[in-house]
Amino acid sequence: MKYLNRDTVCVQGGYTPANGEPRQVPIIQSTTFKYATSEDMGKLFDLEASGYFYSRLQNPTCDTVAAKICELEGGTAAMLTSSGQAASFYAIFNIASCGDHIVSSSTIYGGTFNLFAVTMKRMGIDFTFVSPDCTKEELDAAFRPNTKAVFGETIANPALTVFDFEKFSAAAHTHGVPLIVDNTFATPVNCRPFEWGADIVTHSTTKYMDGHGAAVGGCIVDSGRFDWTKYPDKYPGLCTPDESYHGVTYTERFGLGGAYITKATVQLMRDFGSVQSPQSAFILNLGLESLHVRMARHCENALAVAKALNSDDRISYVVYPGLEGDKYHDLAMKYMPNGTTGVVSFALKGGRAAAETFMKNLKIAAIETHVADARTCCLHPASSTHRQMTEEELTAAGVPSDLVRFSCGLESSEDLIADIKQALDCIGR
Ligand SMILES: *Cc1c(COP(=O)(O)O)cnc(C)c1O
């Protein structure tokens with residue numbers, strides 16, 4: 001049945017057990033599946049019959065959880081990957097290869113930036129990075145004849161800029177390419193990029209979806225709306241026979257709803273093998289069952305923390321799109337009226353030294369290279385993830401040396417604020 005509300009999908013989506021079947025999603029911890037005849041098996045290999053044969057390509061537990069995320073995003077097909085990094089790589093490599101070009105927002109996750117600007121560049125794929133605040137003219141000027149996609153993050157990690165979906169999707173579609181959006185920080189509970197013109201969504205499920213810091217994972221969801229067949233020369237991989245897969249033409253055999261994910265599964269997953277384990281998918285699903293309840297609390301805590309910081313004169317500035325007066329507050333209200341994310345960034349008046357003293361004295365918030373966990377954690381990018389950069393480089397990357405990234409967990413906001421205040425009191429002692 002079709003559920004009226006996303007909250008129900010979080011709990012029950014993707015899996016409807018029949019009479020006498022397990023109530024919880026079963027962990028099918030098996031690499032392989034048994035068949036009676038070679039002919040049966042042959043049909044699976046030819047994609048003539050659907051079924052499981054080897055867990056590098058597909059596994060029932062992973063498919064069940066992917067189906068839930070697909071339903072949450074309102075897509076037509078989805079696949080799990082071993083990590084968010086694998087999801088970002090597959091999402092682009094599925095439609096771009098050596099000699100191609102991608103337009104990407106410049107405020108994206110550091111790992112994604114490195115994947116694009118260094119590793120994929122070595123594969124011959126060029127990226128042009130544009131400011132999320134660019135004008136329509138600046139955005140148009142970034143496209144080339146060999147551009148294959150546009151990429152951005154709903155709420156960027158760690159810059160916390162809000163992606164202007166309408167501006168970017170209009171440009172992508174004018175230039176005949178799909179818009180790919182990393183929806184990790186907002187989750188489908190707070191934003192559904194397909195409703196704003198995105199064509200493909202990616203996730204690091206490691207973050208809020210899992211929510212407990214327990215399993216690394218990723219996901220790709222297709223809206224099924226981008227018409228590859230209008231541009232057969234641009235997307236030959238989807239519109240002409242795949243010689244590496246028995247001459248199948250994905251758009252013909254699987255339609256617009258299934259072509260993209262089927263190709264990524266039988267070609268990229270077959271060859272690169274970045275699969276999520278059934279055990280991890282099971283853990284991810286436990287997280288998804290409470291995602292809607294947790295996101296509300298993460299956002300409520302983040303707003304309370306942002307407001308408390310904003311009214312403390314030891315803080316020089318606070319960045320949180322949910323906070324009134326934030327540069328991205330209007331965009332946040334338009335695309336995410338019910339809440340944004342649980343991460344707040346801020347800087348201390350005492351600069352880098354004050355930030356280090358402050359963090360050392362936090363009792364509840366732990367120093368971690370992680371975000372979006374049930375337990376509050378924080379990071380000083382200048383002395384950790386961005387340690388190799390100079391002061392000038394840090395400022396250009398949107399992570400000045402006095403910046404602290406604070407990921408609000410599910411504790412009481414009263415305790416989080418008290419912890420922050422006592423750590424601030426330690427500065428200059
Ligand atoms: C963490 C993160 C990734 C990478 O995901 P992993 O699961 O760590 O590989 C990608 N995008 C965003 C926005 C992230 O926060």
# chains A, B, ... in the order shown; residues from 1 in each chain; ligands from 1
>>> residues_around(residues="stretch 285-291 of chain A", least_positions_apart="5", cutoff="7 Å", atoms="only C-alpha atoms", output="NGL selection string")
:A and (10-11 or 65 or 209-211)
>>> residues_near_ligand(ligand="ligand 1", cutoff="9 Å", atoms="only C-alpha atoms and all ligand atoms", output="MDAnalysis selection string")
chainID A and resid 82:88 108:112 153:158 182:185 202:207 215:218 370:372
>>> closest_residue(among="A:Lys34, A:Lys360, A:His101, A:His246", to="A:Gly51", atoms="only C-alpha atoms")
A:Lys34
>>> residues_around(residues="A:Ala374", least_positions_apart="6", cutoff="6 Å", atoms="only C-alpha atoms", output="PyMOL selection string")
chain A and resi 211-212+409-410
>>> write_last_selection(atoms="N, CA and C atoms", output="mmCIF file, in the first residue's frame")
data_model
loop_
_atom_site.group_PDB
_atom_site.id
_atom_site.type_symbol
_atom_site.label_atom_id
_atom_site.label_comp_id
_atom_site.auth_asym_id
_atom_site.auth_seq_id
_atom_site.Cartn_x
_atom_site.Cartn_y
_atom_site.Cartn_z
ATOM 1 N N GLY A 211 22.869 7.001 11.804
ATOM 2 C CA GLY A 211 22.573 7.845 12.963
ATOM 3 C C GLY A 211 23.226 7.460 14.275
ATOM 4 N N HIS A 212 23.903 6.327 14.313
ATOM 5 C CA HIS A 212 24.468 5.860 15.573
ATOM 6 C C HIS A 212 25.965 5.592 15.470
ATOM 7 N N GLY A 409 23.842 16.156 18.857
ATOM 8 C CA GLY A 409 23.279 14.813 18.959
ATOM 9 C C GLY A 409 21.858 14.845 19.504
ATOM 10 N N LEU A 410 21.479 13.772 20.176
ATOM 11 C CA LEU A 410 20.105 13.629 20.646
ATOM 12 C C LEU A 410 19.974 13.853 22.155
#
>>> closest_residue(among="A:Thr265, A:Ser38, A:Gln12, A:Ser274", to="A:Ala67", atoms="only C-alpha atoms")
A:Gln12
